[in-house]
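**Student:** Pasting input-v4.cif below, which is mmCIF, C-alpha atoms.
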data_upload
#
loop_
_atom_site.label_atom_id
_atom_site.label_comp_id
_atom_site.auth_asym_id
_atom_site.auth_seq_id
_atom_site.Cartn_x
_atom_site.Cartn_y
_atom_site.Cartn_z
CA MET A 1 0.00 0.00 0.00
CA ARG A 2 1.33 3.44 -0.97
CA THR A 3 0.58 5.72 1.93
CA LEU A 4 0.05 9.47 1.88
CA PHE A 5 3.30 9.72 3.89
CA ARG A 6 5.20 7.96 1.13
CA ARG A 7 3.57 10.05 -1.60
CA LEU A 8 4.48 13.31 0.15
CA LEU A 9 8.07 12.18 0.60
CA GLU A 10 8.26 11.21 -3.07
CA GLU A 11 7.01 14.65 -4.06
CA GLN A 12 9.60 16.30 -1.81
CA GLN A 13 12.33 13.94 -3.10
CA ALA A 14 12.89 12.73 0.46
CA THR A 15 12.55 8.95 0.10
CA GLU A 16 16.32 8.48 0.47
CA HIS A 17 17.35 8.35 4.12
CA ARG A 18 19.78 11.28 4.02
CA ALA A 19 17.30 13.53 2.26
CA PHE A 20 14.59 12.53 4.73
CA LEU A 21 16.82 13.33 7.70
CA ARG A 22 17.52 16.83 6.37
CA HIS A 23 13.81 17.65 6.27
CA PHE A 24 13.11 15.84 9.53
CA LYS A 25 15.82 17.71 11.48
CA VAL A 26 14.61 21.08 10.24
CA ALA A 27 11.07 20.23 11.37
CA ALA A 28 12.33 18.85 14.70
CA GLY A 29 14.31 22.02 15.38
CA ALA A 30 11.36 24.25 14.55
CA LEU A 31 9.00 22.24 16.74
CA ALA A 32 11.53 22.21 19.60
CA GLU A 33 11.63 26.00 19.54
CA LEU A 34 7.86 26.29 19.21
CA GLU A 35 7.06 23.94 22.11
CA GLY A 36 10.11 24.57 24.28
CA ASP A 37 11.20 20.93 24.04
CA PRO A 38 14.94 20.83 23.22
CA GLY A 39 14.98 17.03 23.32
CA LEU A 40 13.30 16.95 19.93
CA LYS A 41 16.45 18.33 18.31
CA SER A 42 18.33 15.10 19.01
CA LEU A 43 15.82 12.87 17.23
CA GLU A 44 17.37 11.00 14.31
CA PRO A 45 15.40 7.98 13.03
CA ALA A 46 17.63 5.10 11.99
CA LEU A 47 17.59 3.81 8.43
CA SER A 48 15.70 0.63 9.39
CA THR A 49 13.09 2.67 11.29
CA PHE A 50 12.61 5.04 8.36
CA GLN A 51 12.25 2.15 5.92
CA ALA A 52 9.68 0.48 8.17
CA TRP A 53 7.65 3.71 8.12
CA LEU A 54 7.97 4.10 4.38
CA TYR A 55 7.48 0.53 3.15
CA ASN A 56 5.98 -1.59 5.95
CA GLY A 57 3.32 0.77 7.26
CA ARG A 58 4.80 0.90 10.76
CA PHE A 59 3.65 3.88 12.84
CA PRO A 60 6.30 6.21 14.28
CA GLN A 61 6.84 6.60 17.99
CA ARG A 62 5.35 9.50 19.93
CA ASP A 63 8.04 12.21 19.52
CA ALA A 64 8.76 11.32 15.90
CA ARG A 65 5.03 11.43 15.29
CA ARG A 66 4.89 15.01 16.55
CA VAL A 67 7.73 16.06 14.25
CA ILE A 68 6.21 14.40 11.19
CA ARG A 69 2.82 15.99 11.88
CA HIS A 70 4.50 19.40 12.21
CA TRP A 71 6.50 18.91 9.01
CA LEU A 72 3.81 17.51 6.70
CA GLY A 73 0.72 19.07 8.25
CA TYR A 74 -1.50 15.98 8.26
CA SER A 75 -2.56 13.72 11.12
CA ILE A 76 -0.74 10.41 11.51
CA GLU A 77 -3.96 8.55 10.64
CA GLU A 78 -4.19 10.51 7.37
CA LEU A 79 -0.49 10.04 6.58
CA TRP A 80 -0.63 6.27 7.10
CA SER A 81 -3.79 5.87 5.02
CA PRO A 82 -3.74 5.01 1.29
CA ALA A 83 -2.60 7.97 -0.82
CA PRO A 84 -5.32 9.49 -3.01
CA ASP A 85 -4.76 9.29 -6.78
CA GLY A 86 -5.83 12.85 -7.51
CA PRO A 87 -4.96 16.22 -5.99
CA LEU A 88 -4.12 16.15 -2.30
CA PRO A 89 -6.50 17.69 0.23
CA ASP A 90 -5.38 20.72 2.17
CA PRO A 91 -4.21 19.35 5.54
CA LEU A 92 -6.41 21.83 7.38
CA LEU A 93 -9.41 22.24 5.12
CA GLY A 94 -9.81 18.85 3.49
CA PRO A 95 -10.43 18.47 -0.28
CA ALA A 96 -9.68 21.58 -2.29
CA PRO A 97 -12.68 23.35 -3.80
CA THR A 98 -13.24 22.88 -7.51
CA THR A 99 -14.68 26.40 -7.97
CA GLY A 100 -13.81 29.84 -6.70
CA ARG A 101 -16.55 29.63 -4.10
CA PRO A 102 -15.89 28.27 -0.61
CA ASP A 103 -16.41 24.50 -0.38
CA SER A 104 -19.04 23.87 2.30
CA GLY A 105 -17.56 20.44 3.03
CA ALA A 106 -14.10 21.90 3.60
CA VAL A 107 -15.47 24.67 5.80
CA LEU A 108 -17.43 22.14 7.84
CA HIS A 109 -14.32 19.98 8.20
CA GLU A 110 -12.39 22.93 9.63
CA MET A 111 -15.28 23.89 11.90
CA ARG A 112 -15.33 20.35 13.30
CA ARG A 113 -11.60 20.49 13.98
CA THR A 114 -12.10 23.72 15.88
CA ALA A 115 -15.05 22.22 17.74
CA ASP A 116 -12.97 19.21 18.79
CA MET A 117 -10.21 21.43 20.17
CA ALA A 118 -12.70 23.69 21.92
CA ALA A 119 -14.53 20.71 23.44
CA LYS A 120 -11.30 19.30 24.84
CA ARG A 121 -10.40 22.67 26.31
CA ALA A 122 -13.88 23.02 27.83
CA ARG A 123 -13.69 19.53 29.31
CA ASP A 124 -10.29 20.20 30.86
CA PHE A 125 -11.53 23.50 32.27
CA ALA A 126 -14.69 21.97 33.75
CA MET A 127 -12.80 19.09 35.33
CA GLY A 128 -10.29 21.56 36.76
CA ALA A 129 -13.06 23.76 38.12
CA GLU A 130 -14.27 20.77 40.16
CA ARG A 131 -10.78 20.17 41.51
CA GLY A 132 -11.85 20.55 45.14
CA HIS A 133 -14.41 17.79 44.74
CA ILE A 134 -15.67 15.41 42.08
CA GLY A 135 -18.81 16.95 40.67
CA PRO A 136 -21.40 15.48 38.34
CA GLU A 137 -19.86 17.06 35.24
CA THR A 138 -16.47 15.46 35.87
CA LEU A 139 -18.04 12.02 36.06
CA GLY A 140 -20.25 12.86 33.10
CA PHE A 141 -17.27 13.77 30.92
CA LEU A 142 -15.49 10.55 31.84
CA ARG A 143 -18.62 8.46 31.31
CA ASP A 144 -19.12 9.96 27.84
CA ARG A 145 -15.52 9.21 26.89
CA VAL A 146 -15.82 5.60 28.01
CA GLU A 147 -19.03 5.10 26.04
CA THR A 148 -17.38 6.53 22.93
CA ILE A 149 -14.35 4.24 23.33
CA VAL A 150 -16.55 1.18 23.83
CA THR A 151 -18.52 1.98 20.68
CA ARG A 152 -15.57 2.84 18.45
CA TYR A 153 -13.02 0.22 19.51
CA PRO A 154 -14.20 -2.72 17.34
CA ARG A 155 -14.80 -0.47 14.34
CA VAL A 156 -11.60 1.55 13.90
CA PRO A 157 -7.88 0.75 13.75
CA LEU A 158 -6.22 0.99 17.14
CA PRO A 159 -3.99 4.01 16.34
CA ALA A 160 -7.15 6.09 15.82
CA ILE A 161 -8.29 5.59 19.42
CA TRP A 162 -5.25 4.51 21.44
CA ASP A 163 -4.28 7.89 22.89
CA GLU A 164 -7.85 8.59 23.99
CA ILE A 165 -8.00 5.28 25.91
CA ALA A 166 -4.69 5.99 27.64
CA GLU A 167 -5.64 9.55 28.56
CA ALA A 168 -9.08 8.56 29.84
CA GLN A 169 -7.61 5.74 31.94
CA ASP A 170 -5.07 8.15 33.42
CA ASP A 171 -7.82 10.65 34.28
CA CYS A 172 -9.90 7.90 35.88
CA PHE A 173 -7.03 6.57 38.01
CA ARG A 174 -6.15 10.13 39.04
CA LEU A 175 -9.70 10.76 40.24
CA ILE A 176 -9.72 7.51 42.22
CA ASP A 177 -6.33 8.30 43.79
CA SER A 178 -7.40 11.84 44.72
CA GLY A 179 -9.55 10.58 47.58
CA ARG A 180 -12.16 13.23 46.78
CA ALA A 181 -14.89 10.85 45.60
CA ARG A 182 -17.95 9.97 47.63
CA PRO A 183 -18.66 6.21 48.11
CA SER A 184 -21.21 6.11 45.26
CA GLN A 185 -18.78 7.97 42.99
CA THR A 186 -15.94 5.66 43.95
CA ARG A 187 -17.93 2.65 42.79
CA GLU A 188 -18.73 4.27 39.45
CA LEU A 189 -15.12 5.31 39.00
CA HIS A 190 -14.04 1.70 39.55
CA VAL A 191 -16.59 0.56 36.96
CA LEU A 192 -15.19 3.07 34.47
CA ALA A 193 -11.60 2.12 35.38
CA THR A 194 -12.46 -1.52 34.70
CA LEU A 195 -13.80 -0.69 31.25
CA LEU A 196 -10.83 1.50 30.36
CA SER A 197 -8.29 -1.05 31.64
CA PHE A 198 -10.17 -3.74 29.70
CA HIS A 199 -9.72 -1.76 26.48
CA MET A 200 -6.10 -0.95 27.30
CA ALA A 201 -5.50 -4.69 27.77
CA LYS A 202 -7.22 -5.48 24.49
CA GLY A 203 -5.15 -2.78 22.78
CA CYS A 204 -1.86 -4.16 24.14
CA HIS A 205 -2.94 -7.62 23.03
CA ASP A 206 -3.92 -6.35 19.57
CA MET A 207 -0.50 -4.79 19.06
CA GLY A 208 1.20 -8.07 19.99
CA ASP A 209 2.20 -7.24 23.59
CA PRO A 210 0.70 -10.03 25.74
CA GLN A 211 2.78 -9.17 28.82
CA ASN A 212 1.38 -5.65 29.18
CA ALA A 213 -2.02 -6.94 28.09
CA MET A 214 -2.12 -9.24 31.11
CA ILE A 215 -0.97 -6.46 33.44
CA GLN A 216 -3.86 -4.31 32.24
CA ALA A 217 -6.26 -7.26 32.45
CA ARG A 218 -5.27 -7.90 36.07
CA ALA A 219 -5.73 -4.20 36.84
CA ALA A 220 -9.19 -4.44 35.28
CA GLY A 221 -9.90 -7.42 37.52
CA VAL A 222 -8.91 -5.50 40.65
CA CYS A 223 -11.13 -2.57 39.66
CA ALA A 224 -14.05 -4.91 38.91
CA GLN A 225 -13.71 -6.49 42.36
CA GLN A 226 -13.62 -3.04 43.95
CA ALA A 227 -16.78 -2.14 42.04
CA GLU A 228 -18.43 -5.38 43.25
CA HIS A 229 -19.81 -5.94 39.75
CA PRO A 230 -20.06 -9.68 38.91
CA GLY A 231 -20.52 -9.06 35.20
CA LEU A 232 -17.32 -7.03 35.03
CA VAL A 233 -15.44 -9.62 37.08
CA ALA A 234 -16.54 -12.30 34.60
CA LEU A 235 -15.57 -10.02 31.72
CA THR A 236 -12.00 -9.71 33.01
CA PHE A 237 -11.65 -13.49 33.27
CA GLY A 238 -12.87 -13.72 29.69
CA LEU A 239 -10.29 -11.14 28.67
CA LYS A 240 -7.48 -13.19 30.24
CA SER A 241 -8.77 -16.25 28.39
CA LEU A 242 -8.78 -14.35 25.11
CA ILE A 243 -5.23 -13.03 25.57
CA THR A 244 -3.79 -16.45 26.41
CA TYR A 245 -5.80 -18.16 23.64
CA TRP A 246 -4.29 -15.99 20.92
CA SER A 247 -0.85 -16.56 22.48
CA GLY A 248 -1.31 -20.30 21.89
CA LYS A 249 -1.69 -21.12 25.60
CA GLY A 250 -4.74 -23.34 25.41
CA ALA A 251 -4.56 -24.69 28.97
CA GLU A 252 -4.40 -21.21 30.49
CA ALA A 253 -7.18 -19.96 28.25
CA LEU A 254 -9.35 -22.89 29.31
CA HIS A 255 -8.57 -22.25 32.98
CA TYR A 256 -9.54 -18.56 32.85
CA ALA A 257 -12.78 -19.21 30.97
CA ARG A 258 -13.83 -21.88 33.48
CA GLN A 259 -12.73 -19.79 36.46
CA GLY A 260 -14.83 -16.87 35.28
CA ALA A 261 -17.91 -19.08 34.99
CA ALA A 262 -17.27 -20.67 38.40
CA GLU A 263 -16.69 -17.42 40.29
CA CYS A 264 -19.59 -15.55 38.69
CA PRO A 265 -22.54 -17.96 38.58
CA GLY A 266 -26.05 -16.79 37.84
CA LEU A 267 -25.15 -14.19 35.20
CA HIS A 268 -27.86 -13.61 32.61
CA GLY A 269 -26.05 -11.24 30.23
CA THR A 270 -24.11 -12.40 27.18
CA VAL A 271 -20.81 -12.39 29.09
CA ALA A 272 -21.84 -15.85 30.39
CA VAL A 273 -22.25 -17.05 26.80
CA TRP A 274 -18.88 -15.52 25.92
CA LEU A 275 -17.12 -17.46 28.67
CA ALA A 276 -18.60 -20.72 27.32
CA GLY A 277 -17.54 -19.76 23.79
CA LEU A 278 -14.04 -18.99 25.00
CA GLU A 279 -13.95 -22.36 26.78
CA ALA A 280 -14.96 -24.13 23.57
CA ARG A 281 -12.20 -22.43 21.56
CA ALA A 282 -9.57 -23.13 24.22
CA ALA A 283 -10.57 -26.79 24.45
CA ALA A 284 -10.47 -27.06 20.66
CA LEU A 285 -7.00 -25.52 20.62
CA LEU A 286 -5.96 -28.35 22.96
CA GLY A 287 -7.63 -30.91 20.69
CA ASP A 288 -10.15 -31.96 23.37
CA GLU A 289 -13.25 -32.62 21.28
CA GLU A 290 -15.38 -33.83 24.19
CA ALA A 291 -14.77 -30.66 26.22
CA THR A 292 -15.32 -28.55 23.12
CA ARG A 293 -18.70 -30.17 22.42
CA ALA A 294 -19.78 -29.71 26.04
CA ALA A 295 -18.84 -26.02 26.01
CA ILE A 296 -20.57 -25.40 22.67
CA GLN A 297 -23.73 -27.03 24.05
CA ARG A 298 -23.56 -24.97 27.23
CA ALA A 299 -23.13 -21.77 25.20
CA GLU A 300 -26.29 -22.62 23.24
CA GLU A 301 -28.24 -23.26 26.46
CA LEU A 302 -27.04 -20.00 27.99
CA ARG A 303 -27.94 -18.13 24.81
CA GLY A 304 -31.52 -19.26 25.22
CA ARG A 305 -31.66 -17.73 28.72
CA VAL A 306 -29.99 -14.39 27.96
CA GLN A 307 -31.37 -11.25 29.56
CA HIS A 308 -29.35 -8.28 28.36
CA ASP A 309 -27.62 -6.42 31.19
CA ASP A 310 -25.80 -3.10 31.53
CA LEU A 311 -22.72 -4.43 29.70
CA ASP A 312 -24.80 -5.59 26.75
CA HIS A 313 -26.42 -2.17 26.54
CA LEU A 314 -23.00 -0.55 26.33
CA GLY A 315 -22.15 -2.85 23.39
CA GLY A 316 -18.81 -3.08 21.61
CA LEU A 317 -16.52 -5.71 23.10
CA LEU A 318 -18.70 -5.89 26.20
CA THR A 319 -21.46 -7.87 24.52
CA PHE A 320 -21.42 -11.23 22.75
CA PRO A 321 -23.97 -11.08 19.92
CA GLU A 322 -25.20 -14.06 17.94
CA SER A 323 -22.95 -13.18 15.00
CA LYS A 324 -19.85 -13.45 17.18
CA HIS A 325 -21.21 -16.57 18.85
CA LEU A 326 -21.46 -18.23 15.43
CA TYR A 327 -17.92 -17.13 14.55
CA TYR A 328 -16.59 -18.73 17.77
CA SER A 329 -18.50 -21.97 17.13
CA VAL A 330 -17.10 -22.27 13.62
CA GLU A 331 -13.60 -21.53 14.86
CA SER A 332 -13.89 -24.31 17.45
CA GLU A 333 -14.79 -26.79 14.70
CA VAL A 334 -11.98 -25.55 12.48
CA LEU A 335 -9.42 -25.90 15.27
CA LEU A 336 -10.49 -29.52 15.70
CA GLY A 337 -9.87 -30.02 11.97
CA ASN A 338 -13.53 -30.66 11.22
CA SER A 339 -15.06 -29.78 7.89
CA ASN A 340 -18.25 -30.95 6.25
CA ALA A 341 -21.12 -29.35 4.37
CA ARG A 342 -22.78 -28.14 7.59
CA ILE A 343 -19.63 -26.50 8.96
CA ALA A 344 -18.84 -24.97 5.57
CA ALA A 345 -22.33 -23.47 5.44
CA LEU A 346 -21.94 -22.09 8.97
CA ALA A 347 -18.57 -20.58 8.02
CA GLU A 348 -20.22 -18.87 5.03
CA GLU A 349 -22.99 -17.61 7.28
CA ALA A 350 -20.51 -16.25 9.83
CA VAL A 351 -18.84 -14.15 7.13
CA GLN A 352 -22.21 -13.02 5.82
CA ARG A 353 -23.30 -11.89 9.29
CA PHE A 354 -20.42 -9.42 9.36
CA SER A 355 -20.98 -8.18 5.82
CA ASP A 356 -22.80 -5.00 6.88
CA SER A 357 -20.28 -2.54 8.32
CA GLU A 358 -23.15 -0.34 9.51
CA ALA A 359 -24.59 -3.07 11.75
CA ALA A 360 -24.35 -2.46 15.49
CA ASP A 361 -22.36 -5.67 16.11
CA TRP A 362 -19.93 -5.26 13.19
CA ALA A 363 -16.24 -5.52 14.01
CA PHE A 364 -13.43 -5.65 11.47
CA GLY A 365 -11.47 -8.17 13.57
CA ASP A 366 -14.39 -10.58 13.82
CA LEU A 367 -15.02 -10.30 10.08
CA ALA A 368 -11.37 -11.08 9.35
CA GLY A 369 -11.40 -14.04 11.74
CA ALA A 370 -14.56 -15.41 10.12
CA GLN A 371 -12.98 -15.03 6.67
CA CYS A 372 -9.88 -16.95 7.78
CA ASN A 373 -12.08 -19.72 9.20
CA LEU A 374 -13.95 -19.90 5.90
CA ALA A 375 -10.62 -20.21 4.10
CA LEU A 376 -9.67 -23.11 6.38
CA THR A 377 -12.94 -24.98 5.82
CA ARG A 378 -12.35 -24.69 2.08
CA LEU A 379 -8.77 -25.86 2.40
CA TYR A 380 -9.91 -28.89 4.39
CA SER A 381 -12.13 -29.72 1.39
CA GLY A 382 -9.26 -29.26 -1.06
CA GLU A 383 -10.52 -25.94 -2.44
CA VAL A 384 -7.30 -23.95 -2.64
CA ASP A 385 -8.74 -21.34 -5.00
CA GLY A 386 -11.78 -20.96 -2.74
CA ALA A 387 -9.52 -20.52 0.26
CA ALA A 388 -7.53 -17.85 -1.56
CA GLU A 389 -10.76 -16.02 -2.38
CA ALA A 390 -11.96 -16.18 1.23
CA ILE A 391 -8.77 -14.81 2.75
CA ARG A 392 -8.13 -12.13 0.12
CA PRO A 393 -9.95 -9.33 2.03
CA VAL A 394 -7.85 -10.14 5.11
CA LEU A 395 -4.58 -9.91 3.20
CA ASP A 396 -5.71 -6.59 1.74
CA LEU A 397 -6.22 -5.01 5.16
CA ALA A 398 -4.09 -1.95 5.86
CA PRO A 399 -1.26 -2.58 8.37
CA ALA A 400 -3.03 -0.55 11.07
CA HIS A 401 -5.86 -3.10 11.04
CA ARG A 402 -3.65 -6.20 11.33
CA ASN A 403 -4.05 -6.90 15.00
CA ARG A 404 -2.76 -9.93 16.87
CA GLY A 405 -5.84 -12.09 16.35
CA ILE A 406 -5.98 -11.36 12.62
CA VAL A 407 -2.30 -12.18 12.16
CA VAL A 408 -2.64 -15.49 14.05
CA SER A 409 -5.75 -16.39 12.05
CA ALA A 410 -3.92 -15.72 8.78
CA ASP A 411 -0.94 -17.75 10.02
CA ARG A 412 -3.28 -20.71 10.60
CA VAL A 413 -4.26 -20.60 6.95
CA GLY A 414 -0.58 -20.49 5.98
CA ALA A 415 0.17 -23.50 8.19
CA ALA A 416 -2.75 -25.44 6.68
CA LEU A 417 -1.41 -24.72 3.19
CA LEU A 418 1.80 -26.54 4.12
CA ARG A 419 -0.23 -29.66 4.95
CA ASP A 420 -2.58 -29.43 1.98
CA PRO A 421 -2.08 -32.02 -0.79
CA ALA A 422 -2.09 -29.16 -3.28
CA ARG A 423 0.64 -27.28 -1.40
CA ASN A 424 2.92 -27.27 -4.44
CA ALA A 425 0.28 -25.80 -6.74
CA ALA A 426 1.05 -22.28 -7.93
CA THR A 427 -1.96 -20.78 -6.12
CA ALA A 428 -0.97 -22.43 -2.83
CA ARG A 429 2.67 -21.33 -3.13
CA ASP A 430 1.74 -17.75 -3.95
CA LEU A 431 -0.81 -17.58 -1.14
CA ARG A 432 1.60 -19.03 1.39
CA ALA A 433 4.30 -16.54 0.38
CA GLU A 434 1.86 -13.66 0.75
CA ILE A 435 0.81 -14.81 4.20
CA GLU A 436 4.44 -15.16 5.29
CA ALA A 437 5.10 -11.59 4.17
CA TYR A 438 1.89 -10.39 5.82
CA SER A 439 2.49 -11.71 9.31
CA PRO A 440 5.55 -9.64 10.30
CA SER A 441 3.58 -6.50 9.38
CA ARG A 442 1.36 -6.83 12.41
CA LEU A 443 0.01 -3.73 14.03
CA ALA A 444 2.67 -1.35 15.28
CA LEU A 445 1.67 1.52 17.52
CA PRO A 446 3.47 4.71 18.44
CA ARG A 447 4.58 4.79 22.06
#
Could I get this structure in the form of C-alpha cells?
**Tutor:**
Amino acid sequence: MRTLFRRLLEEQQATEHRAFLRHFKVAAGALAELEGDPGLKSLEPALSTFQAWLYNGRFPQRDARRVIRHWLGYSIEELWSPAPDGPLPDPLLGPAPTTGRPDSGAVLHEMRRTADMAAKRARDFAMGAERGHIGPETLGFLRDRVETIVTRYPRVPLPAIWDEIAEAQDDCFRLIDSGRARPSQTRELHVLATLLSFHMAKGCHDMGDPQNAMIQARAAGVCAQQAEHPGLVALTFGLKSLITYWSGKGAEALHYARQGAAECPGLHGTVAVWLAGLEARAAALLGDEEATRAAIQRAEELRGRVQHDDLDHLGGLLTFPESKHLYYSVESEVLLGNSNARIAALAEEAVQRFSDSEAADWAFGDLAGAQCNLALTRLYSGEVDGAAEAIRPVLDLAPAHRNRGIVVSADRVGAALLRDPARNAATARDLRAEIEAYSPSRLALPR
C-alpha cells in the first residue's frame, strides 16, 4: 500500500534516508523552539526505522510522530492511510474546492476540527473547576468518553483511538487516587476504570504485547472487584482467556474461561455465553473434542436464557452477539480439523453476518477471523482457490488493522497450506508466500 506519507516524501524527493533526515531535522528544530522541548532536536530515526515507516506501514513513535505531523501538516492517521490518486487535500481544510466559491464540506471539516479542540479545552476547564471535589460534570465527561471508546473500539484501527483510551484511563485513576470521591462515585469510578483497563489490555494484546495486556487485564480485575460488579469480574476473566488463547496457551485460556464461569454464577447477560464460547475455543485448541462439544452445548443453552444487562447495553466488546457466537462456534470446529457441508455453510454464514459494516455488532477483527475460518474450511475440502478467495480481504487489510488475532488467524491458513495435498500448486505457493510476508507487518503503535 502506498501511503500518503510515502507520496508526500516522493514529491519532496525525500525517500532516500539522508534527504529525509535533512527535512526531519529542520522540522524537529522548529518544533523544539515552538514547544520549548529541546529534546526533539536530538531525534534522528535510523535507516531501518525510516524504511519500516515508508514501506511496511509501521507507525512512528510518539516524539517522531509530533515532528512528522508538524512537518507535513497531516494527522498520523491521514499520513498512514492510502494515498489518493488525484490532488491532495489541504491538511487543514480537506479536499480543495473545484470552484472559486468556498467548499461547504471543507469549511465544515475545519469547523469540526475547531469544535474538537474547543470541546477538549472546555472539558479540561470543567474538570479543573471541580478540583476541590468530584462533581457530576467530571463524572459525566469521563462516562461519555468511556461510552465513545466502547462503541468505536471494534470499528476503527487501534492508532485512531489509542491515545484517547490511555488519557481517559489516566484521568480515571487520578480521580480515584485523589480521595475526593464519595462512596457512590468511587464505585462508578471503579466501573469506568475496569472498562478502560479492559480496552487498554485489548489494545496491548492487539498490538502483539501479551505481557502488558495481562498487566492491564489484572488491573481491570482488581477494579471490577472493587466495584463489586459480577458481570465485570466475569468479563475480566474472559479477557485473560482471550489473551492467552491468541498466544497459543490453550490450557491457560481454558482455565480462565472456566474460572470466570465458576466465580460468577447466575449471570444472565451475554458475558456468560462468551465465557462458554471462550472455553470451547480453548478446548479445541488443545484438541479436546469432548470438552469442546460440552462447552458449545452450554453456550447454546445460555444463549436461550440471555437477559441483556448493563454491559450488553454498552455494546462493543462488552457484549457477545449471535454473529460473534457463530464465529466462535465455527472456529472451534476448524481448530479440531472438522469440515463438512454443515460446517462450511456455517462458516459462510458467519462471514455473511459481518458483511454489513453499519450493523451495530460489526467488528473488522471478527469479520477477518470469520474469513480466515472460511478459508480453512475450504482448504480442508481441497478448495485452494476458494480458500484464496476467502482470505483475500484479510490480506488486503491496511497494516493498522492487522491486530494480533488477525495475524494469528492468517498464520493458521498459511500452516494449513503446508499440509494441503495441493501445497505445491502455484496458487498455494503464492498464497503461502503472501501470508508469510503479511504476518511480520502486524500492528505497530506509536509509544
**Student:** Work out how far CA of Thr270 (chain A) is from CA of Ile243 (chain A), in Å to one decimal.
**Tutor:** 19.0 Å
**Student:** Counting all atoms listed in the file, which residues sit no farther than 12 Å from the position (-5.9, -15.8, 22.7) in the file's frame? I'd like them as JSON, numbers by chain.
**Tutor:** {"A": [202, 205, 206, 208, 209, 210, 213, 214, 238, 239, 240, 241, 242, 243, 244, 245, 246, 247, 248, 249, 250, 251, 252, 253, 254, 256, 257, 278, 279, 281, 282, 285, 403, 404, 405, 406, 407, 408, 409]}
**Student:** Report as a PyMOL selection string the full result of the PyMOL selection byres ((chain A and resi 144-152) around 10) when it is applied to this structure.
**Tutor:** chain A and resi 139-143+153-158+160-162+164-165+168-169+192-193+195-196+198-199+314-318+360-361+363
**Student:** For the PyMOL selection byres ((chain A and resi 367) around 10), applied here, can you spell out every residue it catches as a ChimeraX atom specification?
**Tutor:** /A:323-324,327,350-357,362-366,368-373,393-394,406
**Student:** Hey, which of A:Tyr438, A:Trp71, A:Tyr55, A:Tyr380 ends up closest to Thr15 (chain A)? Count all atoms listed in the file.
**Tutor:**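 When distances to Thr15 (chain A) are compared using all atoms listed in the file, the smallest one comes from A:Tyr55.
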**Student:** Report as JSON, numbers by chain all protein, DNA and RNA residues lying within 12 Å of Ala345 (chain A), evaluated on all atoms listed in the file, omitting residues in the same chain fewer than 2 positions from it.
**Tutor:** {"A": [326, 327, 330, 339, 340, 341, 342, 343, 347, 348, 349, 350, 351, 352, 373, 374, 377, 378]}
**Student:** Calculated over only C-alpha atoms, which of the candidates A:Ala400, A:Cys264, A:Leu175, A:Val233 has the smallest distance to Thr3 (chain A)?
**Tutor:**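 Answer, going by the shortest atom-to-atom distance: A:Ala400.
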**Student:** Go ahead and compute the interatomic distance for CA of Arg7 (chain A) and CA of Leu34 (chain A), in Å to one decimal.
**Tutor:**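 Computing it gives 26.7 Å between the two atoms.
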**Student:** If you apply the PyMOL selection byres ((chain A and resi 66) around 10) to this file, what residues do you get, as an mmCIF file with C-alpha atoms, in the frame of the given file?
**Tutor:**
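Here's the written file expr-v7.cif:
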data_model
loop_
_atom_site.group_PDB
_atom_site.id
_atom_site.type_symbol
_atom_site.label_atom_id
_atom_site.label_comp_id
_atom_site.auth_asym_id
_atom_site.auth_seq_id
_atom_site.Cartn_x
_atom_site.Cartn_y
_atom_site.Cartn_z
ATOM 1 C CA ALA A 27 11.070 20.230 11.370
ATOM 2 C CA ALA A 28 12.330 18.850 14.700
ATOM 3 C CA LEU A 31 9.000 22.240 16.740
ATOM 4 C CA LEU A 40 13.300 16.950 19.930
ATOM 5 C CA PRO A 60 6.300 6.210 14.280
ATOM 6 C CA GLN A 61 6.840 6.600 17.990
ATOM 7 C CA ARG A 62 5.350 9.500 19.930
ATOM 8 C CA ASP A 63 8.040 12.210 19.520
ATOM 9 C CA ALA A 64 8.760 11.320 15.900
ATOM 10 C CA ARG A 65 5.030 11.430 15.290
ATOM 11 C CA VAL A 67 7.730 16.060 14.250
ATOM 12 C CA ILE A 68 6.210 14.400 11.190
ATOM 13 C CA ARG A 69 2.820 15.990 11.880
ATOM 14 C CA HIS A 70 4.500 19.400 12.210
ATOM 15 C CA TRP A 71 6.500 18.910 9.010
ATOM 16 C CA SER A 75 -2.560 13.720 11.120
ATOM 17 C CA ILE A 76 -0.740 10.410 11.510
#
**Student:** As an exercise, work out the distance from CA of Asp309 (chain A) to CA of Pro321 (chain A) in Å and give it to one decimal place.
**Tutor:**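 Computed distance, CA of Asp309 (chain A) to CA of Pro321 (chain A), equals 12.7 Å.
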**Student:** Where atoms are missing, can you supply N, CA and C atoms for region 43-50 of chain A and output the lot as a PDB file, in the frame of the given file?
**Tutor:**
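In the end it all went to part11.pdb:
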ATOM      1  N   LEU A  43      16.459  13.997  17.911  1.00  0.00           N
ATOM      2  CA  LEU A  43      15.820  12.870  17.230  1.00  0.00           C
ATOM      3  C   LEU A  43      16.479  12.625  15.876  1.00  0.00           C
ATOM      4  N   GLU A  44      16.788  11.359  15.604  1.00  0.00           N
ATOM      5  CA  GLU A  44      17.370  11.000  14.310  1.00  0.00           C
ATOM      6  C   GLU A  44      16.984   9.558  13.995  1.00  0.00           C
ATOM      7  N   PRO A  45      15.850   9.353  13.333  1.00  0.00           N
ATOM      8  CA  PRO A  45      15.400   7.980  13.030  1.00  0.00           C
ATOM      9  C   PRO A  45      16.434   7.195  12.243  1.00  0.00           C
ATOM     10  N   ALA A  46      16.678   5.976  12.675  1.00  0.00           N
ATOM     11  CA  ALA A  46      17.630   5.100  11.990  1.00  0.00           C
ATOM     12  C   ALA A  46      17.090   4.697  10.624  1.00  0.00           C
ATOM     13  N   LEU A  47      17.985   4.226   9.774  1.00  0.00           N
ATOM     14  CA  LEU A  47      17.590   3.810   8.430  1.00  0.00           C
ATOM     15  C   LEU A  47      16.513   2.744   8.471  1.00  0.00           C
ATOM     16  N   SER A  48      16.678   1.726   9.333  1.00  0.00           N
ATOM     17  CA  SER A  48      15.700   0.630   9.390  1.00  0.00           C
ATOM     18  C   SER A  48      14.340   1.143   9.858  1.00  0.00           C
ATOM     19  N   THR A  49      14.352   2.088  10.803  1.00  0.00           N
ATOM     20  CA  THR A  49      13.090   2.670  11.290  1.00  0.00           C
ATOM     21  C   THR A  49      12.401   3.432  10.173  1.00  0.00           C
ATOM     22  N   PHE A  50      13.162   4.256   9.464  1.00  0.00           N
ATOM     23  CA  PHE A  50      12.610   5.040   8.360  1.00  0.00           C
ATOM     24  C   PHE A  50      12.023   4.132   7.281  1.00  0.00           C
TER      25      PHE A  50
END
